[in-house]
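**Q** Provided below: work-v8.cif, containing mmCIF, C-alpha atoms.
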```cif
data_work
#
loop_
_atom_site.label_atom_id
_atom_site.label_comp_id
_atom_site.auth_asym_id
_atom_site.auth_seq_id
_atom_site.Cartn_x
_atom_site.Cartn_y
_atom_site.Cartn_z
CA MET A 267 -17.24 -6.83 -17.01
CA SER A 268 -14.00 -8.14 -15.53
CA SER A 269 -11.33 -5.65 -14.57
CA ARG A 270 -8.16 -5.40 -16.56
CA ILE A 271 -4.84 -5.28 -14.80
CA ALA A 272 -1.31 -4.83 -16.05
CA GLN A 273 -0.06 -7.68 -18.21
CA ILE A 274 3.25 -9.12 -17.12
CA ARG A 275 4.45 -9.41 -20.72
CA LEU A 276 4.05 -5.63 -21.07
CA VAL A 277 5.76 -4.74 -17.79
CA SER A 278 9.16 -3.23 -18.50
CA SER A 279 12.27 -4.29 -16.59
CA HIS A 280 15.77 -3.27 -15.60
CA PRO A 281 18.46 -5.14 -13.63
CA GLU A 282 18.22 -2.54 -10.83
CA VAL A 283 14.41 -2.52 -10.59
CA TYR A 284 12.31 -4.91 -8.52
CA GLU A 285 10.15 -7.08 -10.75
CA PRO A 286 6.53 -8.00 -9.90
CA CYS A 287 6.49 -10.86 -7.43
CA ASP A 288 4.14 -12.43 -4.85
CA ASP A 289 3.82 -9.20 -2.87
CA SER A 290 3.01 -7.14 -5.99
CA PHE A 291 0.47 -9.71 -7.13
CA ALA A 292 -1.14 -9.81 -3.69
CA LEU A 293 -1.49 -6.02 -3.63
CA VAL A 294 -3.16 -5.98 -7.04
CA ASP A 295 -5.39 -8.87 -5.95
CA ALA A 296 -6.46 -6.73 -2.99
CA LEU A 297 -7.32 -3.85 -5.31
CA LEU A 298 -9.35 -6.24 -7.47
CA ALA A 299 -11.10 -7.62 -4.39
CA ASP A 300 -12.01 -4.05 -3.45
CA ARG A 301 -12.84 -2.95 -7.00
CA THR A 302 -16.53 -2.28 -6.41
CA ASN A 303 -15.72 -0.06 -3.46
CA LEU A 304 -12.97 1.71 -5.40
CA LEU A 305 -15.33 2.54 -8.26
CA GLN A 306 -17.98 3.80 -5.84
CA HIS A 307 -15.27 5.78 -4.04
CA GLN A 308 -14.59 7.75 -7.24
CA PRO A 309 -11.06 8.84 -6.31
CA THR A 310 -9.76 11.95 -8.02
CA LEU A 311 -6.11 11.58 -6.96
CA CYS A 312 -4.25 8.28 -6.51
CA LEU A 313 -0.65 7.88 -5.38
CA GLU A 314 1.80 4.99 -5.33
CA LEU A 315 4.83 5.21 -3.07
CA GLY A 316 7.68 3.18 -4.54
CA CYS A 317 6.40 2.31 -8.01
CA GLY A 318 9.19 -0.10 -9.01
CA SER A 319 8.24 -1.73 -12.31
CA GLY A 320 4.94 0.16 -12.57
CA TYR A 321 2.86 -3.02 -12.28
CA VAL A 322 0.73 -1.77 -9.38
CA ILE A 323 0.09 1.85 -10.45
CA THR A 324 -0.72 0.65 -13.97
CA SER A 325 -3.14 -1.95 -12.62
CA LEU A 326 -4.77 0.66 -10.36
CA ALA A 327 -5.22 3.01 -13.33
CA LEU A 328 -6.79 0.21 -15.37
CA ILE A 329 -9.11 -0.76 -12.50
CA VAL A 330 -10.26 2.75 -11.56
CA GLY A 331 -10.04 4.46 -14.95
CA GLN A 332 -8.44 7.62 -16.28
CA ALA A 333 -10.94 10.00 -14.70
CA ALA A 334 -8.54 10.08 -11.74
CA HIS A 335 -5.08 11.65 -11.70
CA TYR A 336 -2.24 9.28 -10.83
CA ILE A 337 1.13 10.06 -9.27
CA ALA A 338 3.90 7.54 -8.62
CA THR A 339 7.18 8.09 -6.80
CA ASP A 340 10.36 6.08 -6.41
CA ILE A 341 13.80 6.79 -4.98
CA ASN A 342 15.33 4.69 -7.78
CA PRO A 343 15.57 6.66 -11.08
CA HIS A 344 15.65 3.41 -13.05
CA ALA A 345 12.24 2.54 -11.55
CA VAL A 346 10.78 5.82 -12.76
CA LYS A 347 11.95 5.07 -16.29
CA VAL A 348 10.66 1.49 -16.19
CA THR A 349 7.30 2.58 -14.76
CA ARG A 350 6.92 5.12 -17.57
CA GLU A 351 7.50 2.37 -20.12
CA THR A 352 5.00 0.07 -18.41
CA LEU A 353 2.33 2.76 -18.30
CA GLU A 354 2.87 3.63 -21.96
CA ALA A 355 2.66 -0.03 -22.97
CA HIS A 356 -0.81 -0.20 -21.38
CA GLY A 357 -2.06 3.14 -22.70
CA VAL A 358 -2.47 4.81 -19.30
CA HIS A 359 -0.78 7.82 -17.74
CA ALA A 360 0.66 8.82 -14.38
CA GLU A 361 2.82 11.68 -13.19
CA LEU A 362 6.18 10.16 -12.22
CA ILE A 363 8.53 11.68 -9.66
CA ASN A 364 12.00 10.53 -8.62
CA THR A 365 12.00 11.20 -4.87
CA ASN A 366 12.24 9.49 -1.48
CA ILE A 367 8.64 8.60 -0.49
CA THR A 368 7.06 12.05 -1.06
CA SER A 369 9.94 14.39 -0.29
CA GLY A 370 9.16 17.79 -1.77
CA LEU A 371 5.50 16.94 -2.41
CA GLU A 372 4.03 17.24 1.10
CA LYS A 373 2.61 20.76 0.74
CA ARG A 374 1.25 20.14 -2.74
CA LEU A 375 -0.54 16.90 -1.83
CA LYS A 376 -1.53 17.50 1.79
CA GLY A 377 -5.06 16.27 2.45
CA LEU A 378 -5.78 15.67 -1.25
CA VAL A 379 -4.98 12.01 -1.95
CA ASP A 380 -7.98 9.67 -2.10
CA VAL A 381 -6.03 6.42 -2.59
CA ILE A 382 -2.46 5.54 -1.61
CA VAL A 383 -0.98 2.17 -2.54
CA VAL A 384 2.38 1.03 -1.23
CA ASN A 385 4.45 -2.13 -1.32
CA PRO A 386 7.14 -0.84 1.06
CA PRO A 387 10.63 -2.18 1.73
CA TYR A 388 9.52 -4.60 4.46
CA VAL A 389 12.30 -7.20 4.66
CA PRO A 390 14.19 -7.13 8.01
CA THR A 391 17.76 -6.04 7.24
CA PRO A 392 20.63 -4.18 8.91
CA GLU A 393 19.80 -0.48 9.18
CA ASP A 394 22.71 0.52 6.96
CA GLU A 395 21.08 -1.23 4.00
CA VAL A 396 18.00 1.02 4.08
CA GLY A 397 17.87 3.57 1.27
CA ARG A 398 20.82 2.23 -0.68
CA GLU A 399 20.94 2.94 -4.38
CA GLY A 400 19.52 0.47 -6.86
CA ILE A 401 17.33 -2.54 -6.36
CA ALA A 402 18.19 -2.98 -2.65
CA SER A 403 16.04 0.07 -1.87
CA ALA A 404 12.98 -1.98 -2.87
CA TRP A 405 13.25 -4.48 -0.04
CA ALA A 406 15.67 -3.33 2.70
CA GLY A 407 13.42 -2.45 5.62
CA GLY A 408 15.78 -2.18 8.58
CA GLU A 409 15.02 -3.57 12.02
CA ASN A 410 11.89 -5.77 11.87
CA GLY A 411 11.39 -4.38 8.36
CA ARG A 412 9.77 -1.33 9.93
CA THR A 413 12.16 1.57 9.27
CA VAL A 414 10.60 2.71 5.99
CA ILE A 415 7.07 1.66 6.99
CA ASP A 416 7.28 3.85 10.09
CA ARG A 417 8.24 6.78 7.85
CA ILE A 418 5.37 6.10 5.46
CA LEU A 419 2.57 5.96 8.05
CA PRO A 420 2.70 9.65 9.14
CA VAL A 421 3.26 10.74 5.54
CA SER A 422 0.13 8.86 4.49
CA ASP A 423 -1.88 10.40 7.34
CA ASN A 424 -0.77 13.85 6.19
CA LEU A 425 -1.58 13.29 2.51
CA LEU A 426 -4.84 11.35 2.67
CA SER A 427 -8.06 13.23 2.10
CA LYS A 428 -10.98 12.98 4.51
CA LYS A 429 -12.22 10.01 2.49
CA GLY A 430 -8.71 8.69 1.80
CA TRP A 431 -7.77 5.01 1.75
CA LEU A 432 -4.35 3.41 2.19
CA TYR A 433 -3.52 -0.07 0.86
CA MET A 434 -0.27 -1.45 2.29
CA VAL A 435 1.68 -4.69 2.00
CA THR A 436 3.03 -6.01 5.31
CA LEU A 437 4.99 -9.04 6.42
CA THR A 438 4.26 -10.92 9.65
CA GLU A 439 7.72 -9.93 10.92
CA ASN A 440 6.65 -6.27 10.62
CA ASN A 441 4.09 -6.81 13.41
CA PRO A 442 1.06 -5.70 11.37
CA LEU A 443 -1.13 -5.71 14.48
CA GLN A 444 1.06 -3.00 15.98
CA ILE A 445 0.90 -1.06 12.72
CA CYS A 446 -2.89 -1.20 12.77
CA LEU A 447 -3.01 -0.13 16.41
CA GLN A 448 -0.76 2.83 15.60
CA MET A 449 -3.08 3.83 12.78
CA ARG A 450 -6.08 3.31 15.06
CA GLU A 451 -4.60 5.93 17.39
CA LYS A 452 -4.51 8.30 14.40
CA GLY A 453 -8.19 7.66 13.72
CA TYR A 454 -8.05 4.86 11.13
CA ALA A 455 -9.96 1.63 10.91
CA SER A 456 -8.33 -1.28 9.09
CA ARG A 457 -9.12 -4.55 7.39
CA ILE A 458 -7.04 -7.35 5.93
CA LEU A 459 -8.09 -7.72 2.30
CA VAL A 460 -5.68 -10.46 1.28
CA GLN A 461 -3.48 -12.85 3.23
CA ARG A 462 -0.95 -14.95 1.37
CA LEU A 463 1.46 -17.56 2.67
CA THR A 464 4.27 -18.19 0.21
CA GLU A 465 7.28 -20.45 0.53
CA GLU A 466 9.29 -17.60 2.03
CA GLU A 467 6.82 -15.02 3.38
CA ASN A 468 3.54 -14.54 5.20
CA LEU A 469 1.99 -11.46 3.58
CA GLN A 470 -0.98 -9.31 4.54
CA ILE A 471 -2.51 -6.57 2.41
CA ILE A 472 -4.19 -4.14 4.78
CA LYS A 473 -6.62 -1.37 3.90
CA PHE A 474 -6.82 1.68 6.19
CA TRP A 475 -9.52 4.34 6.15
CA ARG A 476 -10.52 7.22 8.39
CA ASP A 477 -13.03 6.03 10.95
CA SER A 478 -15.38 8.46 12.69
CA ASP A 479 -15.78 6.29 15.83
CA SER A 480 -12.05 6.12 16.51
CA GLN A 481 -11.61 9.82 15.73
CA VAL A 482 -14.28 10.77 18.26
CA ALA A 483 -12.72 8.45 20.82
CA GLU A 484 -9.32 10.06 20.21
CA LYS A 485 -10.66 13.60 20.62
CA GLU A 486 -12.47 12.67 23.83
CA ASN A 487 -9.44 10.71 25.07
CA LYS A 488 -11.50 7.54 25.25
CA THR A 489 -10.58 3.99 24.36
CA VAL A 490 -11.96 2.34 21.24
CA PRO A 491 -15.21 0.48 22.01
CA ALA A 492 -14.52 -3.10 23.11
CA LYS A 493 -16.65 -4.71 20.39
CA VAL A 494 -14.87 -2.73 17.68
CA MET A 495 -11.45 -3.69 19.01
CA GLU A 496 -12.45 -7.34 19.46
CA SER A 497 -13.56 -7.52 15.83
CA PHE A 498 -10.37 -5.79 14.74
CA LEU A 499 -8.06 -8.08 16.73
CA SER A 500 -9.82 -11.24 15.55
CA GLN A 501 -8.34 -10.76 12.06
CA PHE A 502 -4.86 -11.43 13.40
CA HIS A 503 -5.42 -14.90 14.82
CA ILE A 504 -5.47 -16.66 11.46
CA PHE A 505 -2.26 -15.57 9.72
CA PRO A 506 -0.41 -18.90 9.88
CA PHE A 507 -3.32 -20.91 8.52
CA LEU A 508 -4.30 -19.11 5.33
CA ARG A 509 -2.77 -19.67 1.95
CA GLY A 510 -3.77 -17.28 -0.81
CA SER A 511 -7.24 -16.43 0.55
CA ASN A 512 -9.03 -13.24 -0.50
CA ASN A 513 -11.78 -11.42 1.37
CA ASP A 514 -13.86 -8.56 -0.03
CA SER A 515 -13.81 -5.25 1.81
CA SER A 516 -17.04 -3.59 2.78
#
```
Could you render the structure as structure tokens?
**A**
Amino acid sequence: MSSRIAQIRLVSSHPEVYEPCDDSFALVDALLADRTNLLQHQPTLCLELGCGSGYVITSLALIVGQAAHYIATDINPHAVKVTRETLEAHGVHAELINTNITSGLEKRLKGLVDVIVVNPPYVPTPEDEVGREGIASAWAGGENGRTVIDRILPVSDNLLSKKGWLYMVTLTENNPLQICLQMREKGYASRILVQRLTEEENLQIIKFWRDSDSQVAEKENKTVPAKVMESFLSQFHIFPFLRGSNNDSS
């Protein structure tokens, strides 16, 4: 049976809320590509950071099912309202919280989240544009588009359960290889699920998960095995040449 995802005609909108676009579609495509693994994963708690229109969290709830509990946050109060409307239009539920990333939720959610999805503000902008009110908060990413991403990575590490997965949208300008290497140092393996070259952007949807080999290497102060790193790095040589290709995760 094919998975349902949020229908664009049922996604609510507001002038100050980012509407689903190529990056949102690519993230949901990645979740669909990884659907079999998600269902086998049987997550009990799923979290979206920066829910915007609600398109992604609604799609995730439709893909995984309502056996899981869903939480979505956004710094923009209009986004919280729009997401609630989108969820209701699709007959699914999530707990919605108006906050910056997960401010105020760290103790409650520490080590409990099985799936985190995030389409962060990744567009390179002046630093003073980061965190502004309204729709600008959805895309303003600061220098190299990394300011908010670099805040999200340690938060995700703190919240993810032992079996937790993180799905993140990145732009080539964000230096996704460096992001993956940073997460590798924290004990995470990674894989590109979807790469998409649009007229304006080169997007990668990356999945991170806790990896026992890298965790052992970190504890013993050893480098990651050469074959593992070679396989990991090989994913990053093909960015400029792919247009809308999807690869299943194992």
**Q** Provide the CA of Arg450 (chain A) to CA of Leu419 (chain A) distance in Å, to one decimal place.
**A**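 Separating CA of Arg450 (chain A) from CA of Leu419 (chain A) is a distance of 11.4 Å.
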**Q** Return as a list in words the set of residues that the PyMOL selection byres ((chain A and resi 349) around 7) yields on the displayed structure.
**A**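 Applying the expression gives Cys317, Gly318, Ser319, Gly320, Ala345, Val346, Lys347, Val348, Arg350, Glu351, Thr352 and Leu353 of chain A.
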**Q** What's around His344 (chain A) at 12 Å? Count all atoms listed in the file, leave out sequence neighbours fewer than 4 positions away in its own chain, and write the answer as a PyMOL selection string.
**A** chain A and resi 278-284+316-320+339-340+348-351+362-365+399-401+403-404
**Q** Given the choices A:Lys373, A:Ile418, A:Lys428, A:Val383, which gets closest to Ala338 (chain A) if the distance is worked out from all atoms listed in the file?
**A** A:Val383
**Q** Nearest residue to Pro343 (chain A) out of A:Leu463, A:Thr438, A:His307, A:Asn366, using all atoms listed in the file?
**A**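 Selected residue with least distance to Pro343 (chain A): A:Asn366.
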**Q** Could you list, as a PyMOL selection string, every residue within 7 Å of region 405-410 of chain A, counting all atoms listed in the file and ignoring same-chain residues fewer than 5 positions away?
**A** chain A and resi 387-393+395-396+439-440
**Q** Evaluate the PyMOL selection byres ((chain A and resi 276) around 8) on the structure here and hand back the selected residues as a list in words.
**A**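 On the file shown, the PyMOL selection byres ((chain A and resi 276) around 8) covers Ala272, Gln273, Ile274, Arg275, Val277, Ser278, Thr352, Ala355 and His356 of chain A.
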**Q** Report the distance between CA of Tyr433 (chain A) and CA of Glu354 (chain A) in Å, rounded to one decimal place.
**A**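 Result for CA of Tyr433 (chain A) versus CA of Glu354 (chain A): 24.0 Å, one decimal.
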**Q** Could I get region 352-392 of chain A from the block written as a compact mmCIF listing (two decimals), in the first residue's frame, with N, CA and C atoms?
**A**
```
# COMPACT_ATOMS: atom_id res chain seq x y z
N THR A 352 -3.19 22.56 9.47
CA THR A 352 -2.80 21.54 8.50
C THR A 352 -2.98 20.14 9.08
N LEU A 353 -2.58 19.97 10.32
CA LEU A 353 -2.75 18.67 10.98
C LEU A 353 -4.24 18.30 11.06
N GLU A 354 -5.05 19.25 11.49
CA GLU A 354 -6.48 19.00 11.63
C GLU A 354 -7.13 18.65 10.29
N ALA A 355 -6.67 19.31 9.23
CA ALA A 355 -7.24 19.05 7.90
C ALA A 355 -6.93 17.64 7.43
N HIS A 356 -5.88 17.03 7.97
CA HIS A 356 -5.49 15.67 7.57
C HIS A 356 -5.88 14.62 8.61
N GLY A 357 -6.50 15.05 9.69
CA GLY A 357 -6.98 14.10 10.70
C GLY A 357 -5.89 13.48 11.54
N VAL A 358 -4.77 14.18 11.71
CA VAL A 358 -3.69 13.68 12.56
C VAL A 358 -3.39 14.72 13.64
N HIS A 359 -2.62 14.31 14.66
CA HIS A 359 -2.40 15.18 15.81
C HIS A 359 -0.92 15.28 16.13
N ALA A 360 -0.51 16.45 16.59
CA ALA A 360 0.83 16.66 17.14
C ALA A 360 0.74 17.71 18.24
N GLU A 361 1.61 17.61 19.19
CA GLU A 361 1.73 18.63 20.24
C GLU A 361 2.54 19.78 19.66
N LEU A 362 2.01 20.98 19.69
CA LEU A 362 2.65 22.13 19.06
C LEU A 362 3.14 23.11 20.12
N ILE A 363 4.38 23.58 19.94
CA ILE A 363 5.00 24.45 20.94
C ILE A 363 5.69 25.61 20.25
N ASN A 364 5.35 26.81 20.67
CA ASN A 364 5.97 28.03 20.14
C ASN A 364 7.24 28.32 20.94
N THR A 365 8.39 27.92 20.38
CA THR A 365 9.66 28.11 21.06
C THR A 365 10.79 28.13 20.05
N ASN A 366 11.95 28.58 20.47
CA ASN A 366 13.14 28.62 19.62
C ASN A 366 13.85 27.28 19.69
N ILE A 367 13.80 26.51 18.62
CA ILE A 367 14.35 25.15 18.52
C ILE A 367 13.65 24.28 19.57
N THR A 368 14.29 24.04 20.73
CA THR A 368 13.61 23.26 21.79
C THR A 368 13.79 23.94 23.15
N SER A 369 13.91 25.25 23.13
CA SER A 369 14.11 25.97 24.39
C SER A 369 12.98 25.65 25.38
N GLY A 370 13.39 25.23 26.58
CA GLY A 370 12.43 24.87 27.61
C GLY A 370 12.00 23.41 27.58
N LEU A 371 12.44 22.66 26.57
CA LEU A 371 12.01 21.27 26.43
C LEU A 371 13.15 20.27 26.65
N GLU A 372 14.38 20.78 26.84
CA GLU A 372 15.55 19.91 26.86
C GLU A 372 15.46 18.82 27.94
N LYS A 373 15.07 19.19 29.15
CA LYS A 373 15.01 18.20 30.23
C LYS A 373 13.91 17.17 29.97
N ARG A 374 12.79 17.66 29.50
CA ARG A 374 11.65 16.76 29.27
C ARG A 374 11.95 15.72 28.19
N LEU A 375 12.66 16.14 27.13
CA LEU A 375 12.84 15.27 25.96
C LEU A 375 14.20 14.60 25.89
N LYS A 376 15.09 14.89 26.81
CA LYS A 376 16.46 14.38 26.74
C LYS A 376 16.49 12.86 26.59
N GLY A 377 17.13 12.40 25.52
CA GLY A 377 17.34 10.98 25.28
C GLY A 377 16.09 10.19 24.94
N LEU A 378 15.01 10.87 24.58
CA LEU A 378 13.73 10.18 24.37
C LEU A 378 13.23 10.20 22.92
N VAL A 379 13.79 11.05 22.08
CA VAL A 379 13.24 11.24 20.74
C VAL A 379 13.82 10.22 19.77
N ASP A 380 12.94 9.48 19.11
CA ASP A 380 13.38 8.44 18.17
C ASP A 380 13.59 8.97 16.76
N VAL A 381 12.88 10.03 16.39
CA VAL A 381 13.02 10.63 15.06
C VAL A 381 12.94 12.15 15.19
N ILE A 382 13.94 12.84 14.66
CA ILE A 382 13.91 14.29 14.53
C ILE A 382 13.97 14.63 13.05
N VAL A 383 13.09 15.51 12.60
CA VAL A 383 13.13 16.01 11.23
C VAL A 383 13.30 17.52 11.29
N VAL A 384 14.14 18.05 10.42
CA VAL A 384 14.38 19.49 10.45
C VAL A 384 14.77 20.01 9.08
N ASN A 385 14.06 21.03 8.65
CA ASN A 385 14.41 21.81 7.47
C ASN A 385 14.86 23.17 8.00
N PRO A 386 16.14 23.29 8.37
CA PRO A 386 16.58 24.47 9.13
C PRO A 386 16.72 25.71 8.25
N PRO A 387 16.82 26.88 8.87
CA PRO A 387 17.19 28.07 8.11
C PRO A 387 18.63 27.90 7.61
N TYR A 388 18.79 27.62 6.33
CA TYR A 388 20.12 27.27 5.81
C TYR A 388 20.68 28.26 4.80
N VAL A 389 19.94 29.30 4.47
CA VAL A 389 20.38 30.25 3.45
C VAL A 389 21.44 31.19 4.04
N PRO A 390 22.61 31.31 3.41
CA PRO A 390 23.63 32.25 3.90
C PRO A 390 23.10 33.68 3.90
N THR A 391 23.15 34.33 5.07
CA THR A 391 22.64 35.70 5.22
C THR A 391 23.52 36.43 6.23
N PRO A 392 23.40 37.74 6.31
CA PRO A 392 24.06 38.46 7.41
C PRO A 392 23.57 37.92 8.75
```
